[in-house]
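Just below is one structure, and these are the notes that go with it.
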There are 2 protein chains.
Amino acid sequence: MQEKTKNSLIHFDVNNFVSGQSVDCVIFGFENGELKILALKWKVPGEFWALPGGFVFKDEDLDKAAIRVLKERTGIDIPFLEQFKTFGKVDRRDNDILVKNLKSIEVNKKMVDWFGNRFISTGYLSLVDIRKCSLTADLSSEAIEWFNLEDLPDLIYDHKEMVKTALKYVQNQINYLPIGLNLLPEKFTMKELQMLYESILGRKLDRGNFQRKMLKLEIFIRHEKQLEGGAHKAPYLYSFDKEKYQELLDKAIGFVS
Amino acid sequence: MQEKTKNSLIHFDVNNFVSGQSVDCVIFGFENGELKILALKWKVPGEFWALPGGFVFKDEDLDKAAIRVLKERTGIDIPFLEQFKTFGKVDRRDNDILVKNLKSIEVNKKMVDWFGNRFISTGYLSLVDIRKCSLTADLSSEAIEWFNLEDLPDLIYDHKEMVKTALKYVQNQINYLPIGLNLLPEKFTMKELQMLYESILGRKLDRGNFQRKMLKLEIFIRHEKQLEGGAHKAPYLYSFDKEKYQELLDKAIGFVS
DNA sequence: ACAAAAGTGTTTATAATACACCCATGA
DNA sequence: TCATGGGTGTATTATAAACACTTTTGT
């Protein structure tokens, strides 16, 4: 894009956007048995981390805006994000940080007005396989990084609250919806799936019971054993039977209604 | 706030509002064993029914706006509404209806622009006791009415979808949260509570099992028998033990997290 | 042979479901 | 007294939870 300037914020035309409305994305990733969250570092002096977020075009569906914004800001290209809550407190944006940000870029009057506005932000979430994501921070970001839940840095505005809410949302969903299709590699062990569940729920589960409960769902295909491994019995490899997985999703959603 | 902006569409000053953002309320009521929904009829030629909705003041939290809008448009004064989803499709508002509405009022340029805008609307819901509600339609409404779910008339825009989504939301919640405190009269029979559940879930439940399941929650106070009644054994009257009810609410919410 | 982790089985407790029985009441 | 609906009991099945036993594998 525009190479001559260091910050892409300067170039966008506020007239193209719905004023006062933004979207923010909570992206959960899973790797090495750990649940992680994606954050961007602002290109301003100081340590300002934020969720990937952005604005909504006037002729764009809100859901579509979330997908586009995520793609633009992180490089992650996924066809669906789940809306989980809209954040509408008047003072949800911290003015000090805002001013700092504005000063760091070549502001014009219109931009100041735009950023000075009160914004209502709709939160979207998704769970992704970290290894399938090639991250590309956009021009307004200095860094992009996966953080473990426990050592997530301070986030600007109410973004920390967004993360908490998103996590609760997923924890709740996990009770009646299958999970893992886009989070785990094609083939995985039951141990890996269990670690995913444990990292989302934040507690240990019984190995035997977990295995039986999962297999009873009948959404798995069992493959040959994996050869590599430690000094122990080699575990089976599974993959999702995508048809049955989708059926279960549909059934569960239908059941709720 | 602004006194004269209070009720009528003609008088309100669009400058006071966040542009492009609205709230709509799905209010469920319960009476005579039937679940009902509140709708307003627009003061325009034709039959245009809509959910009670409105706009958000620039210095007002989104949650607060929903409470105020409901009060202004229906007279219902409740301290809390539950946000369930934000509707952000570009074409969610039907332009024909919109134009009809604009023509029926004394439009000025600013108003036309305002209503011509694309609006993103956040849906809020609540469950209320119909007998405790004294309804007062606002000046922009010709009528206000409770409708049975089955004979709900056509609603404008995407309001029918909002109702469906809200209902699913409540059906889902009922599985892990107690319900009924603000929906039933102070004293009620188990039969009445069961009818409430059945009307929300849309299916019959077993009488004996329902009773036992409820009583095991230990959130009820059992009173003396009701004297009136048909040719049968008089049922017990119950009321909610509000402390324990709240405890259960908190516990369930805490459990999800 | 042994430790480690996988696979599977057993036991117990709890919850869901279906339905049966008796009781109180007004007509 | 009898039909009606209310309160309660029981038997069956399903699910959850805790934990034990056996198997495979590399060292």
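Each chain of the structure tokens is named A, B, ... in the order shown, its residues numbered from 1; ligands are numbered from 1 in display order.
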
Per residue of chain D within 12 Å of chain B, note the shortest atom pair and the distance in Å to one decimal, counting only C-alpha atoms (C1' of nucleotides), and order the rows by chain and increasing residue number, as a tab-separated table.
residue	atom	partner	partner_atom	distance
D:DC2	C1'	B:Ala231	CA	10.6
D:DA3	C1'	B:Ala231	CA	8.3
D:DT4	C1'	B:His232	CA	5.5
D:DG5	C1'	B:His232	CA	5.4
D:DG6	C1'	B:Lys233	CA	5.5
D:DG7	C1'	B:Pro235	CA	8.5
D:DT8	C1'	B:Gly208	CA	8.2
D:DG9	C1'	B:Gly208	CA	10.1

Residues of chain A were defined as contacting chain B if any atom lay at most 6 Å from it, counting only C-alpha atoms; please report them as a PDB file with C-alpha atoms, in the first residue's frame.
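Saved file out_16.pdb follows:
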ATOM      1  CA  GLU A  60     -21.335  -3.235   4.341  1.00  0.00           C
ATOM      2  CA  ASP A  61     -23.083  -5.724   6.612  1.00  0.00           C
ATOM      3  CA  LEU A  62     -21.791  -5.689  10.159  1.00  0.00           C
ATOM      4  CA  GLY A  88     -21.961   0.518  24.250  1.00  0.00           C
ATOM      5  CA  LYS A  89     -20.831   2.306  27.382  1.00  0.00           C
ATOM      6  CA  VAL A  90     -20.249   6.015  26.794  1.00  0.00           C
ATOM      7  CA  LYS A 168     -17.311 -17.057  28.776  1.00  0.00           C
ATOM      8  CA  ASN A 172     -20.830 -21.839  27.520  1.00  0.00           C
ATOM      9  CA  VAL A 256     -31.942 -24.798  21.228  1.00  0.00           C
ATOM     10  CA  SER A 257     -34.739 -23.295  19.201  1.00  0.00           C
TER      11      SER A 257
END

For the strand (DSSP E or B) assignment from backbone DSSP, which residues of stretch 1-246 of chain B qualify? Please present them as a VMD selection string. chain B and resid 17 to 31 34 to 42 49 to 50 53 to 57 82 to 87 120 to 129 141 to 148 155 188 220 to 225 236 to 240

Taking every C-alpha atom in sequence order, what RMSD do you get when chain B is least-squares fitted onto chain A?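 With chain B fitted onto chain A, the C-alpha RMSD reads 2.0 Å.
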
Atom CA of B:Tyr124 to atom CA of A:Ile37: how many Å, to one decimal?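 Straight-line distance from atom CA of B:Tyr124 to atom CA of A:Ile37 works out to 28.8 Å.
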
Please list as a list in words every residue within 9 Å of B:Lys160, counting only C-alpha atoms (C1' of nucleotides) and excluding residues in the same chain fewer than 5 positions away. Ala50, Leu51, Leu152, Asp154, Leu155 and Thr165 of chain B

Shell of 9 Å around C:DA16, only C-alpha atoms (C1' of nucleotides), local chain residues under 5 positions omitted, as a ChimeraX atom specification: /B:209 /D:13-15

How would the residues just chosen look if you wrote them out with all heavy atoms as a short mmCIF file (atom, residue, chain, number, x, y, z; two decimals), in the first residue's frame?
data_model
loop_
_atom_site.label_atom_id
_atom_site.label_comp_id
_atom_site.auth_asym_id
_atom_site.auth_seq_id
_atom_site.Cartn_x
_atom_site.Cartn_y
_atom_site.Cartn_z
N ASN B 209 -42.60 -34.71 37.12
CA ASN B 209 -41.16 -34.45 37.04
C ASN B 209 -40.86 -32.97 37.14
O ASN B 209 -39.88 -32.57 37.78
CB ASN B 209 -40.61 -35.00 35.72
CG ASN B 209 -40.72 -36.51 35.67
OD1 ASN B 209 -40.74 -37.17 36.71
ND2 ASN B 209 -40.81 -37.04 34.47
P DT D 13 -35.17 -50.54 31.36
OP1 DT D 13 -35.64 -51.24 30.17
OP2 DT D 13 -34.32 -51.21 32.35
"O5'" DT D 13 -34.43 -49.21 30.89
"C5'" DT D 13 -35.19 -48.12 30.34
"C4'" DT D 13 -34.37 -46.86 30.37
"O4'" DT D 13 -34.23 -46.37 31.72
"C3'" DT D 13 -32.94 -47.03 29.83
"O3'" DT D 13 -32.82 -46.23 28.67
"C2'" DT D 13 -32.04 -46.59 30.98
"C1'" DT D 13 -32.98 -45.73 31.83
N1 DT D 13 -32.64 -45.62 33.27
C2 DT D 13 -32.44 -44.37 33.82
O2 DT D 13 -32.54 -43.34 33.18
N3 DT D 13 -32.14 -44.36 35.17
C4 DT D 13 -32.01 -45.46 36.00
O4 DT D 13 -31.73 -45.32 37.18
C5 DT D 13 -32.22 -46.74 35.35
C7 DT D 13 -32.10 -47.99 36.16
C6 DT D 13 -32.52 -46.77 34.04
P DA D 14 -31.46 -46.15 27.86
OP1 DA D 14 -31.82 -45.94 26.44
OP2 DA D 14 -30.58 -47.27 28.25
"O5'" DA D 14 -30.85 -44.80 28.43
"C5'" DA D 14 -31.66 -43.62 28.45
"C4'" DA D 14 -30.85 -42.46 29.00
"O4'" DA D 14 -30.72 -42.60 30.44
"C3'" DA D 14 -29.42 -42.38 28.44
"O3'" DA D 14 -29.18 -41.02 28.12
"C2'" DA D 14 -28.56 -42.88 29.61
"C1'" DA D 14 -29.38 -42.46 30.83
N9 DA D 14 -29.20 -43.28 32.03
C8 DA D 14 -29.31 -44.64 32.12
N7 DA D 14 -29.13 -45.10 33.35
C5 DA D 14 -28.89 -43.96 34.10
C6 DA D 14 -28.61 -43.76 35.46
N6 DA D 14 -28.55 -44.75 36.35
N1 DA D 14 -28.41 -42.48 35.89
C2 DA D 14 -28.50 -41.49 34.99
N3 DA D 14 -28.74 -41.55 33.68
C4 DA D 14 -28.93 -42.83 33.30
P DT D 15 -27.81 -40.62 27.41
OP1 DT D 15 -28.15 -39.57 26.43
OP2 DT D 15 -27.09 -41.85 27.01
"O5'" DT D 15 -27.02 -39.94 28.61
"C5'" DT D 15 -27.66 -38.91 29.37
"C4'" DT D 15 -26.81 -38.58 30.57
"O4'" DT D 15 -26.87 -39.64 31.54
"C3'" DT D 15 -25.33 -38.38 30.25
"O3'" DT D 15 -25.00 -37.04 30.59
"C2'" DT D 15 -24.61 -39.42 31.11
"C1'" DT D 15 -25.64 -39.72 32.19
N1 DT D 15 -25.55 -41.06 32.84
C2 DT D 15 -25.38 -41.13 34.20
O2 DT D 15 -25.28 -40.14 34.92
N3 DT D 15 -25.33 -42.41 34.71
C4 DT D 15 -25.43 -43.59 34.00
O4 DT D 15 -25.37 -44.67 34.57
C5 DT D 15 -25.62 -43.45 32.57
C7 DT D 15 -25.74 -44.67 31.72
C6 DT D 15 -25.66 -42.20 32.06
#

Give the residues of chain C that lie within 6 Å of chain B; count only C-alpha atoms (C1' of nucleotides), and format the answer as a PDB file with C-alpha atoms (C1' of nucleotides), in the first residue's frame.
ATOM      1  C1'  DA C  24     -59.087 -33.678  48.089  1.00  0.00           C
ATOM      2  C1'  DT C  25     -62.740 -31.131  46.138  1.00  0.00           C
ATOM      3  C1'  DG C  26     -67.106 -29.263  43.971  1.00  0.00           C
TER       4       DG C  26
END

Which polymer residues have any atom within 10 Å of an atom of C:DG9, counting only C-alpha atoms (C1' of nucleotides), with same-chain residues fewer than 5 positions away left out, as a PyMOL selection string? chain D and resi 20-22

Near B:Phe220, counting only C-alpha atoms (C1' of nucleotides), which residues have an atom at most 9 Å away, once you skip same-chain residues fewer than 2 positions from it, shown as a list in words?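 In the requested format, the answer is Met214, Leu215, Leu217, Glu218, Arg222, Tyr238, Ser239, Phe240, Asp241, Lys242, Lys244 and Tyr245 of chain B.
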
Polymer residues at most 7 Å from B:Phe28, only C-alpha atoms (C1' of nucleotides), same-chain spacing of 4 or more positions, as a list of chain:residue names: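 Non-adjacent residues within range: B:Leu35, B:Lys36, B:Ile37, B:Leu38, B:Ser126, B:Leu127, B:Val128.
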
Take the residues that were just selected and, keeping N, CA, C and O atoms, output them as a PDB file, in the first residue's frame.
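result_19.pdb written:
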ATOM      1  N   LEU B  35     -47.809 -16.966  26.382  1.00  0.00           N
ATOM      2  CA  LEU B  35     -46.680 -16.069  26.199  1.00  0.00           C
ATOM      3  C   LEU B  35     -47.037 -15.025  25.149  1.00  0.00           C
ATOM      4  O   LEU B  35     -47.536 -15.358  24.080  1.00  0.00           O
ATOM      5  N   LYS B  36     -46.792 -13.774  25.475  1.00  0.00           N
ATOM      6  CA  LYS B  36     -47.162 -12.697  24.554  1.00  0.00           C
ATOM      7  C   LYS B  36     -45.997 -11.753  24.296  1.00  0.00           C
ATOM      8  O   LYS B  36     -45.042 -11.722  25.052  1.00  0.00           O
ATOM      9  N   ILE B  37     -46.155 -11.015  23.230  1.00  0.00           N
ATOM     10  CA  ILE B  37     -45.116 -10.078  22.830  1.00  0.00           C
ATOM     11  C   ILE B  37     -45.724  -8.712  22.585  1.00  0.00           C
ATOM     12  O   ILE B  37     -46.821  -8.590  22.036  1.00  0.00           O
ATOM     13  N   LEU B  38     -45.006  -7.687  22.990  1.00  0.00           N
ATOM     14  CA  LEU B  38     -45.527  -6.325  22.909  1.00  0.00           C
ATOM     15  C   LEU B  38     -45.127  -5.671  21.587  1.00  0.00           C
ATOM     16  O   LEU B  38     -43.964  -5.709  21.191  1.00  0.00           O
ATOM     17  N   SER B 126     -36.790  -8.538  27.626  1.00  0.00           N
ATOM     18  CA  SER B 126     -37.149  -8.719  29.023  1.00  0.00           C
ATOM     19  C   SER B 126     -38.431  -9.526  29.121  1.00  0.00           C
ATOM     20  O   SER B 126     -39.206  -9.607  28.175  1.00  0.00           O
ATOM     21  N   LEU B 127     -38.629 -10.128  30.274  1.00  0.00           N
ATOM     22  CA  LEU B 127     -39.844 -10.881  30.559  1.00  0.00           C
ATOM     23  C   LEU B 127     -40.566 -10.144  31.674  1.00  0.00           C
ATOM     24  O   LEU B 127     -39.986  -9.862  32.714  1.00  0.00           O
ATOM     25  N   VAL B 128     -41.829  -9.838  31.462  1.00  0.00           N
ATOM     26  CA  VAL B 128     -42.564  -9.045  32.457  1.00  0.00           C
ATOM     27  C   VAL B 128     -43.912  -9.668  32.784  1.00  0.00           C
ATOM     28  O   VAL B 128     -44.436 -10.502  32.051  1.00  0.00           O
TER      29      VAL B 128
END

Could you check how far atom CA of B:Ile156 sits from atom CA of A:Val23, in Å to one decimal? 26.1 Å

Please return, as a count of residues only, all residues of stretch 50-237 of chain A that DSSP assigns to helix (DSSP H, G or I) on the basis of the backbone. 71

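Put simply, atom CA of B:Ile97 is 22.5 Å away from atom CA of B:Glu72.
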